[in-house]
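Visitor: The file below is query_37.txt, compact mmCIF, C-alpha atoms:
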# COMPACT_ATOMS: atom_id res chain seq x y z
CA MET A 1 -1.71 -64.45 -3.79
CA THR A 2 -4.33 -62.00 -2.57
CA PHE A 3 -3.58 -59.39 0.06
CA GLU A 4 -6.04 -57.33 2.02
CA THR A 5 -6.11 -54.15 4.06
CA TYR A 6 -6.76 -54.99 7.71
CA THR A 7 -8.70 -52.47 9.78
CA ILE A 8 -7.99 -52.53 13.50
CA GLU A 9 -9.84 -50.05 15.73
CA ALA A 10 -10.13 -47.52 12.89
CA ILE A 11 -6.42 -47.95 12.02
CA ASP A 12 -5.73 -49.25 8.51
CA ILE A 13 -2.65 -51.44 8.21
CA ASP A 14 -1.92 -51.83 4.54
CA VAL A 15 -0.03 -54.99 3.58
CA HIS A 16 -0.08 -54.50 -0.19
CA ALA A 17 3.51 -53.30 -0.03
CA ARG A 18 4.59 -56.79 0.97
CA ALA A 19 3.09 -58.46 -2.10
CA ASP A 20 6.35 -58.44 -4.06
CA ASP A 21 8.26 -60.11 -1.21
CA ALA A 22 5.58 -62.76 -0.84
CA ALA A 23 5.55 -63.48 -4.59
CA THR A 24 9.34 -63.82 -4.59
CA ALA A 25 9.21 -66.18 -1.63
CA SER A 26 6.57 -68.38 -3.26
CA CYS A 27 8.53 -68.63 -6.51
CA SER A 28 11.74 -69.61 -4.72
CA ASN A 29 10.00 -72.23 -2.55
CA ALA A 30 10.90 -70.21 0.53
CA PRO A 31 8.59 -70.23 3.58
CA PRO A 32 5.54 -67.99 3.06
CA VAL A 33 5.92 -64.41 4.18
CA ASP A 34 4.09 -63.46 7.36
CA GLU A 35 2.74 -59.99 6.68
CA TRP A 36 2.39 -59.28 10.42
CA HIS A 37 6.05 -59.80 11.37
CA ASP A 38 6.91 -56.10 11.48
CA LEU A 39 3.66 -55.09 13.15
CA SER A 40 3.76 -56.98 16.44
CA TYR A 41 4.75 -53.96 18.53
CA GLU A 42 2.07 -51.81 16.92
CA MET A 43 -0.57 -54.49 17.48
CA ILE A 44 0.37 -54.69 21.16
CA GLU A 45 0.05 -50.92 21.51
CA ARG A 46 -3.37 -50.91 19.80
CA TYR A 47 -4.55 -53.67 22.12
CA LEU A 48 -3.30 -51.81 25.19
CA ASP A 49 -5.07 -48.65 24.02
CA VAL A 50 -8.33 -50.61 23.80
CA LEU A 51 -7.82 -51.94 27.34
CA THR A 52 -7.17 -48.44 28.65
CA VAL A 53 -10.00 -46.64 26.83
CA GLU A 54 -12.78 -49.24 26.76
CA TYR A 55 -12.06 -51.27 29.90
CA ARG A 56 -10.38 -48.52 31.93
CA VAL A 57 -7.55 -50.71 33.23
CA GLY A 58 -4.91 -49.09 35.40
CA SER A 59 -1.32 -48.37 34.49
CA ALA A 60 -0.03 -51.38 36.46
CA THR A 61 -2.33 -53.79 34.58
CA ARG A 62 -1.34 -52.18 31.28
CA MET A 63 2.36 -52.70 32.09
CA GLU A 64 1.72 -56.35 32.98
CA HIS A 65 -0.04 -57.00 29.68
CA HIS A 66 2.72 -55.20 27.79
CA ALA A 67 5.44 -57.26 29.48
CA ASP A 68 3.58 -60.55 28.90
CA LEU A 69 2.98 -59.91 25.20
CA ARG A 70 6.51 -58.63 24.56
CA SER A 71 7.86 -61.78 26.25
CA LEU A 72 5.72 -63.94 23.95
CA ASP A 73 6.78 -61.93 20.90
CA ARG A 74 10.48 -62.34 21.70
CA TRP A 75 10.00 -66.08 22.25
CA LEU A 76 8.25 -66.42 18.87
CA VAL A 77 11.11 -64.60 17.15
CA ARG A 78 13.63 -67.02 18.67
CA ASN A 79 11.68 -70.26 18.31
CA SER A 80 9.39 -70.01 15.29
CA GLN A 81 8.84 -68.20 12.02
CA LEU A 82 5.40 -66.98 13.10
CA SER A 83 4.44 -63.51 14.19
CA LEU A 84 2.41 -62.67 17.26
CA VAL A 85 -0.77 -62.46 15.17
CA ARG A 86 -0.21 -65.71 13.24
CA ALA A 87 0.94 -67.89 16.16
CA THR A 88 -0.74 -71.29 16.14
CA GLU A 89 -2.26 -73.23 19.01
CA ALA A 90 0.59 -75.76 19.03
CA VAL A 91 3.26 -73.04 19.21
CA LEU A 92 1.45 -71.24 22.03
CA LEU A 93 1.20 -74.52 23.95
CA ARG A 94 4.98 -74.95 23.67
CA TYR A 95 5.47 -71.45 25.02
CA LEU A 96 3.14 -72.00 27.99
CA ASP A 97 4.83 -75.31 28.81
CA GLU A 98 8.21 -73.57 28.97
CA GLU A 99 6.79 -70.74 31.08
CA LEU A 100 5.15 -73.27 33.41
CA ALA A 101 8.49 -74.98 33.97
CA ARG A 102 9.97 -71.63 35.04
CA SER A 103 7.17 -70.12 37.11
CA ARG A 104 3.63 -71.28 37.78
CA THR A 105 2.45 -67.80 38.75
CA ALA A 106 3.87 -66.20 35.60
CA ALA A 107 2.42 -68.95 33.39
CA ILE A 108 -1.09 -68.43 34.81
CA ARG A 109 -0.87 -64.65 34.35
CA ARG A 110 0.51 -64.89 30.81
CA ARG A 111 -2.15 -67.38 29.80
CA ARG A 112 -4.77 -64.92 31.04
CA THR A 113 -3.16 -62.08 29.05
CA MET A 114 -2.94 -64.24 25.91
CA ARG A 115 -6.63 -65.18 26.17
CA ARG A 116 -7.64 -61.52 26.21
CA PHE A 117 -5.25 -60.57 23.40
CA TYR A 118 -6.26 -63.35 20.99
CA ALA A 119 -9.95 -62.85 21.74
CA TRP A 120 -9.44 -59.20 20.75
CA LEU A 121 -7.61 -60.19 17.55
CA ARG A 122 -10.55 -62.35 16.56
CA ASP A 123 -13.07 -59.64 17.44
CA VAL A 124 -11.35 -57.05 15.21
CA GLY A 125 -10.98 -59.48 12.30
CA CYS A 126 -7.24 -60.20 12.36
CA ARG A 127 -7.87 -63.91 12.96
CA GLU A 128 -10.74 -66.19 12.05
CA GLU A 129 -10.22 -68.42 15.08
CA ASP A 130 -8.99 -67.96 18.63
CA PRO A 131 -6.03 -70.29 19.31
CA MET A 132 -6.57 -69.94 23.05
CA GLN A 133 -10.03 -71.52 22.71
CA GLY A 134 -8.93 -74.60 20.73
CA GLN A 135 -9.58 -78.10 22.02
CA ARG A 136 -5.89 -78.86 22.66
CA MET A 137 -5.54 -75.65 24.66
CA ARG A 138 -8.66 -76.45 26.68
CA ASN A 139 -7.35 -79.96 27.41
CA TRP A 140 -3.95 -78.55 28.40
CA TRP A 141 -5.51 -76.19 30.93
CA SER A 142 -8.02 -78.74 32.24
CA ALA A 143 -5.18 -81.15 33.00
CA ARG A 144 -3.30 -78.50 34.98
CA ALA A 145 -5.98 -76.30 36.52
CA ARG A 146 -6.53 -78.49 39.59
CA THR A 147 -2.86 -78.40 40.59
CA LEU A 148 -2.15 -74.81 39.49
CA VAL A 149 -5.19 -73.10 41.03
CA PRO A 150 -6.47 -75.51 43.68
CA LEU A 151 -8.16 -72.84 45.81
CA ARG A 152 -10.21 -71.40 42.96
CA ARG A 153 -11.42 -74.78 41.67
CA THR A 154 -13.08 -76.02 44.81
CA GLY A 155 -16.64 -77.26 44.62
CA ARG A 156 -18.01 -74.50 46.85
CA LEU A 157 -17.17 -71.89 44.18
CA GLY A 158 -19.49 -73.49 41.60
CA PRO A 159 -22.80 -72.11 42.97
CA ALA A 160 -21.30 -68.61 43.27
CA LEU A 161 -20.18 -68.65 39.63
CA MET A 162 -23.60 -69.88 38.54
CA SER A 163 -25.32 -67.07 40.48
CA ARG A 164 -22.93 -64.53 38.95
CA ASP A 165 -23.68 -65.78 35.42
CA ARG A 166 -27.43 -65.63 36.03
CA MET A 167 -27.12 -62.03 37.24
CA ILE A 168 -25.12 -61.14 34.13
CA PHE A 169 -27.73 -62.83 31.94
CA ALA A 170 -30.54 -60.88 33.65
CA LEU A 171 -28.79 -57.52 33.18
CA MET A 172 -28.08 -58.20 29.51
CA LEU A 173 -31.69 -59.17 28.84
CA THR A 174 -33.42 -56.38 30.77
CA CYS A 175 -30.98 -53.47 30.29
CA GLY A 176 -29.66 -54.20 26.80
CA LEU A 177 -26.05 -54.29 27.99
CA GLU A 178 -23.35 -55.78 25.77
CA THR A 179 -20.54 -58.04 26.96
CA ARG A 180 -18.05 -55.16 26.99
CA ASP A 181 -20.47 -53.10 29.13
CA ILE A 182 -20.75 -55.93 31.66
CA ALA A 183 -16.97 -56.46 31.71
CA ALA A 184 -16.32 -52.75 32.38
CA LEU A 185 -19.04 -52.34 35.03
CA LYS A 186 -17.55 -51.12 38.33
CA LEU A 187 -19.00 -50.70 41.81
CA LYS A 188 -18.91 -46.91 41.46
CA ASP A 189 -21.26 -47.23 38.46
CA LEU A 190 -24.07 -48.55 40.67
CA ALA A 191 -26.53 -46.35 42.55
CA LEU A 192 -28.87 -49.02 43.86
CA ASP A 193 -30.56 -46.74 46.39
CA GLU A 194 -31.84 -44.78 43.38
CA GLY A 195 -32.24 -47.92 41.27
CA VAL A 196 -29.81 -46.58 38.66
CA LEU A 197 -26.92 -48.15 36.75
CA LEU A 198 -24.36 -46.09 34.79
CA SER A 199 -22.89 -47.55 31.62
CA ARG A 200 -20.95 -45.62 28.97
CA ASN A 201 -22.45 -42.25 30.04
CA ARG A 202 -25.97 -43.73 30.11
CA ARG A 203 -28.27 -43.76 33.13
CA ILE A 204 -30.24 -47.00 33.09
CA LYS A 205 -33.22 -47.28 35.41
CA LEU A 206 -33.42 -50.70 37.03
CA ARG A 207 -36.66 -52.44 37.85
CA PRO A 208 -37.20 -52.91 41.61
CA VAL A 209 -36.96 -56.68 41.30
CA LEU A 210 -33.68 -56.48 39.39
CA SER A 211 -32.28 -53.90 41.82
CA ASN A 212 -33.04 -56.21 44.76
CA LEU A 213 -31.43 -59.17 42.99
CA LEU A 214 -28.33 -57.10 42.33
CA LYS A 215 -28.14 -56.07 46.00
CA GLU A 216 -28.42 -59.71 47.05
CA TYR A 217 -25.67 -60.67 44.60
CA LEU A 218 -23.33 -57.95 45.95
CA GLU A 219 -23.96 -58.94 49.57
CA ASN A 220 -23.96 -62.73 49.37
CA VAL A 221 -22.38 -63.95 46.13
CA ARG A 222 -19.67 -61.49 45.11
CA PRO A 223 -17.66 -61.79 48.38
CA ARG A 224 -17.30 -65.53 47.76
CA LEU A 225 -15.61 -64.79 44.41
CA LEU A 226 -13.05 -62.50 46.08
CA MET A 227 -11.29 -65.04 48.28
CA ILE A 228 -7.83 -63.99 47.06
CA ARG A 229 -7.98 -60.29 46.31
CA ASN A 230 -10.28 -57.30 46.09
CA SER A 231 -11.69 -56.01 42.83
CA GLU A 232 -13.43 -52.83 41.73
CA TYR A 233 -15.50 -54.72 39.16
CA VAL A 234 -19.07 -55.82 39.83
CA PHE A 235 -18.57 -59.21 38.17
CA PRO A 236 -15.09 -60.60 38.95
CA SER A 237 -13.69 -63.69 37.31
CA SER A 238 -13.10 -66.97 39.12
CA VAL A 239 -9.61 -65.74 40.13
CA GLY A 240 -10.83 -62.36 41.33
CA GLY A 241 -9.77 -60.41 38.24
CA GLN A 242 -11.71 -58.65 35.53
CA LEU A 243 -13.89 -60.61 33.15
CA TYR A 244 -13.48 -59.95 29.43
CA PRO A 245 -15.92 -60.35 26.50
CA ALA A 246 -14.75 -63.80 25.40
CA MET A 247 -15.31 -65.21 28.91
CA LEU A 248 -18.69 -63.49 29.12
CA ARG A 249 -19.78 -64.95 25.79
CA ASN A 250 -19.04 -68.42 27.14
CA ALA A 251 -21.03 -67.72 30.33
CA VAL A 252 -24.02 -66.35 28.42
CA THR A 253 -23.94 -69.29 26.01
CA ASP A 254 -23.98 -71.73 28.94
CA GLN A 255 -26.90 -69.94 30.59
CA THR A 256 -28.86 -69.82 27.32
CA PHE A 257 -28.32 -73.54 26.78
CA LYS A 258 -29.45 -74.36 30.33
CA PHE A 259 -32.52 -72.17 29.93
CA TRP A 260 -33.40 -73.84 26.62
CA ARG A 261 -33.00 -77.33 28.07
CA SER A 262 -35.21 -76.41 31.03
CA LEU A 263 -38.15 -75.59 28.74
CA LYS A 264 -40.67 -78.21 27.84
CA ARG A 265 -41.09 -79.06 24.18
CA GLN A 266 -44.40 -77.20 23.86
CA ASP A 267 -42.87 -74.08 25.42
CA ARG A 268 -39.92 -74.12 22.98
CA SER A 269 -42.26 -73.75 20.04
CA ALA A 270 -43.14 -70.24 21.24
CA PHE A 271 -39.59 -69.08 20.37
CA HIS A 272 -39.76 -70.20 16.72
Translate this file's structure into structure tokens.

Guide:
Amino acid sequence: MTFETYTIEAIDIDVHARADDAATASCSNAPPVDEWHDLSYEMIERYLDVLTVEYRVGSATRMEHHADLRSLDRWLVRNSQLSLVRATEAVLLRYLDEELARSRTAAIRRRRTMRRFYAWLRDVGCREEDPMQGQRMRNWWSARARTLVPLRRTGRLGPALMSRDRMIFALMLTCGLETRDIAALKLKDLALDEGVLLSRNRRIKLRPVLSNLLKEYLENVRPRLLMIRNSEYVFPSSVGGQLYPAMLRNAVTDQTFKFWRSLKRQDRSAFH
């Protein structure tokens, strides 16, 4: 059995020391050793540090994420042999079903926390796939979204989300912003009277056309996305919270696909 050294946010977690235990388990036909079992708390803390430093979340949001992930970790200890890092899609679905039976509000919040956490695990190389983006998980949420979040799934929200995604796409193309830059962009980072956008200590000069489009988005589109609560972020999610890179990647992919389909065949050849 081959073991590796995992690097998470410049922190090396060496699992070579567990090789002897794993070899013993395999020889005795015992269940395979999960090398992440003793590291769940540390992984949660690393993830929370990333949220605080890169996405500048507040202390209340950090405490919510900590409580949600610790609750999931305790449930996994009681109900499965998998660690927080190695949890499968089927196991996570069982957990969400139990949470849904107890509290709809808590289940929605914990699903949102889990999506961010497992997207981060994939981004830093701890997992090859994101269990929160699997087909069974998507089907589970699609079957419940209409009854769980009826206000946010109304048809009138669709055009606002499309306009938001187009604005994101335009900023990424013209300003060279990454998904994490877009997710962390706050209202205080905009100086539209000067045509300037601040991102990670950079002053980015906006073209007049883009500055006007951004003003129109802030005046007409963004208020429609904040029907439940206020947000300090320029691009809120469909429930009024902060977007995160995995959600942004999906939005950009959708916009790219729509743009490609809108081109005529002769125009597509110019991109090859």

Visitor: Nearest residue to Trp36 in chain A out of A:Arg102, A:Leu177, A:Arg127, A:Tyr95, using all atoms listed in the file?

Guide: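 Looking at the shortest contact to Trp36 in chain A, the residue is A:Arg127.
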
Visitor: What are the nearest atom pairs, with distances in Å to one decimal, for all residues of range 163-200 of chain A that come at most 12 Å from range 233-240 of chain A, using only C-alpha atoms, set out by chain and rising residue number as CSV?

Guide:
residue,atom,partner,partner_atom,distance
A:Ser163,CA,A:Phe235,CA,10.6
A:Arg164,CA,A:Phe235,CA,6.9
A:Asp165,CA,A:Phe235,CA,8.8
A:Arg166,CA,A:Phe235,CA,11.1
A:Met167,CA,A:Phe235,CA,9.1
A:Ile168,CA,A:Phe235,CA,7.9
A:Phe169,CA,A:Phe235,CA,11.7
A:Leu171,CA,A:Phe235,CA,11.5
A:Thr179,CA,A:Phe235,CA,11.4
A:Arg180,CA,A:Phe235,CA,11.9
A:Asp181,CA,A:Phe235,CA,11.1
A:Ile182,CA,A:Phe235,CA,7.6
A:Ala183,CA,A:Phe235,CA,7.2
A:Ala184,CA,A:Tyr233,CA,7.1
A:Leu185,CA,A:Val234,CA,5.9
A:Lys186,CA,A:Tyr233,CA,4.2
A:Leu187,CA,A:Val234,CA,5.5
A:Lys188,CA,A:Tyr233,CA,8.8
A:Asp189,CA,A:Val234,CA,9.0
A:Leu190,CA,A:Val234,CA,8.9
A:Leu197,CA,A:Val234,CA,11.4

Visitor: Would you mind telling me which residue in A:Val221, A:Leu243, A:Met43, A:Met114 lies nearest to Leu157 in chain A when using all atoms listed in the file?

Guide: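 Closest to Leu157 in chain A of all the choices is A:Val221.
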
Visitor: I need the residue nearest Arg249 in chain A from this list: A:Glu216, A:Met172, A:Val91, A:Ser83. Use only C-alpha atoms for the distance.

Guide: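 The answer is A:Met172, which sits nearest to Arg249 in chain A.
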
Visitor: Rank nothing, just name the residue among A:Ala170, A:Val196, A:Met137, A:Ile204 nearest to Tyr217 in chain A, using only C-alpha atoms.

Guide: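 Checking each of A:Ala170, A:Val196, A:Met137, A:Ile204 against Tyr217 in chain A, counting only C-alpha atoms, the winner is A:Ala170.
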
Visitor: For Glu54 in chain A, which of A:Leu214, A:Asn79, A:Ser199, A:Gly158 is the closest residue, counting all atoms listed in the file?

Guide: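 Checking each of A:Leu214, A:Asn79, A:Ser199, A:Gly158 against Glu54 in chain A, counting all atoms listed in the file, the winner is A:Ser199.
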
Visitor: So, counting only C-alpha atoms, which residue among A:Leu218, A:Val50, A:Ile108, A:His37 is closest to Val77 in chain A?

Guide: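 Selected residue with least distance to Val77 in chain A: A:His37.
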
Visitor: Need the shell around Val85 in chain A: protein/DNA/RNA residues with any atom at most 12 Å away, counting only C-alpha atoms. Skip same-chain ones fewer than 4 positions apart. Format as a PyMOL selection string?

Guide: chain A and resi 34-44+47+69+72-73+76+81+89+92+114+117-122+124-131

Visitor: So how many Å separate CA of Leu198 in chain A and CA of Pro245 in chain A, to one decimal?

Guide: 18.5 Å

Visitor: So how far away is CA of Phe257 in chain A from CA of Arg136 in chain A, in Å?

Guide: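 Answer for the CA of Arg136 in chain A to CA of Phe257 in chain A separation: 23.4 Å.
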
Visitor: At what distance in Å, to one decimal, does CA of His65 in chain A lie from CA of Leu225 in chain A?

Guide: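 Interatomic distance, CA of Leu225 in chain A to CA of His65 in chain A: 22.8 Å.
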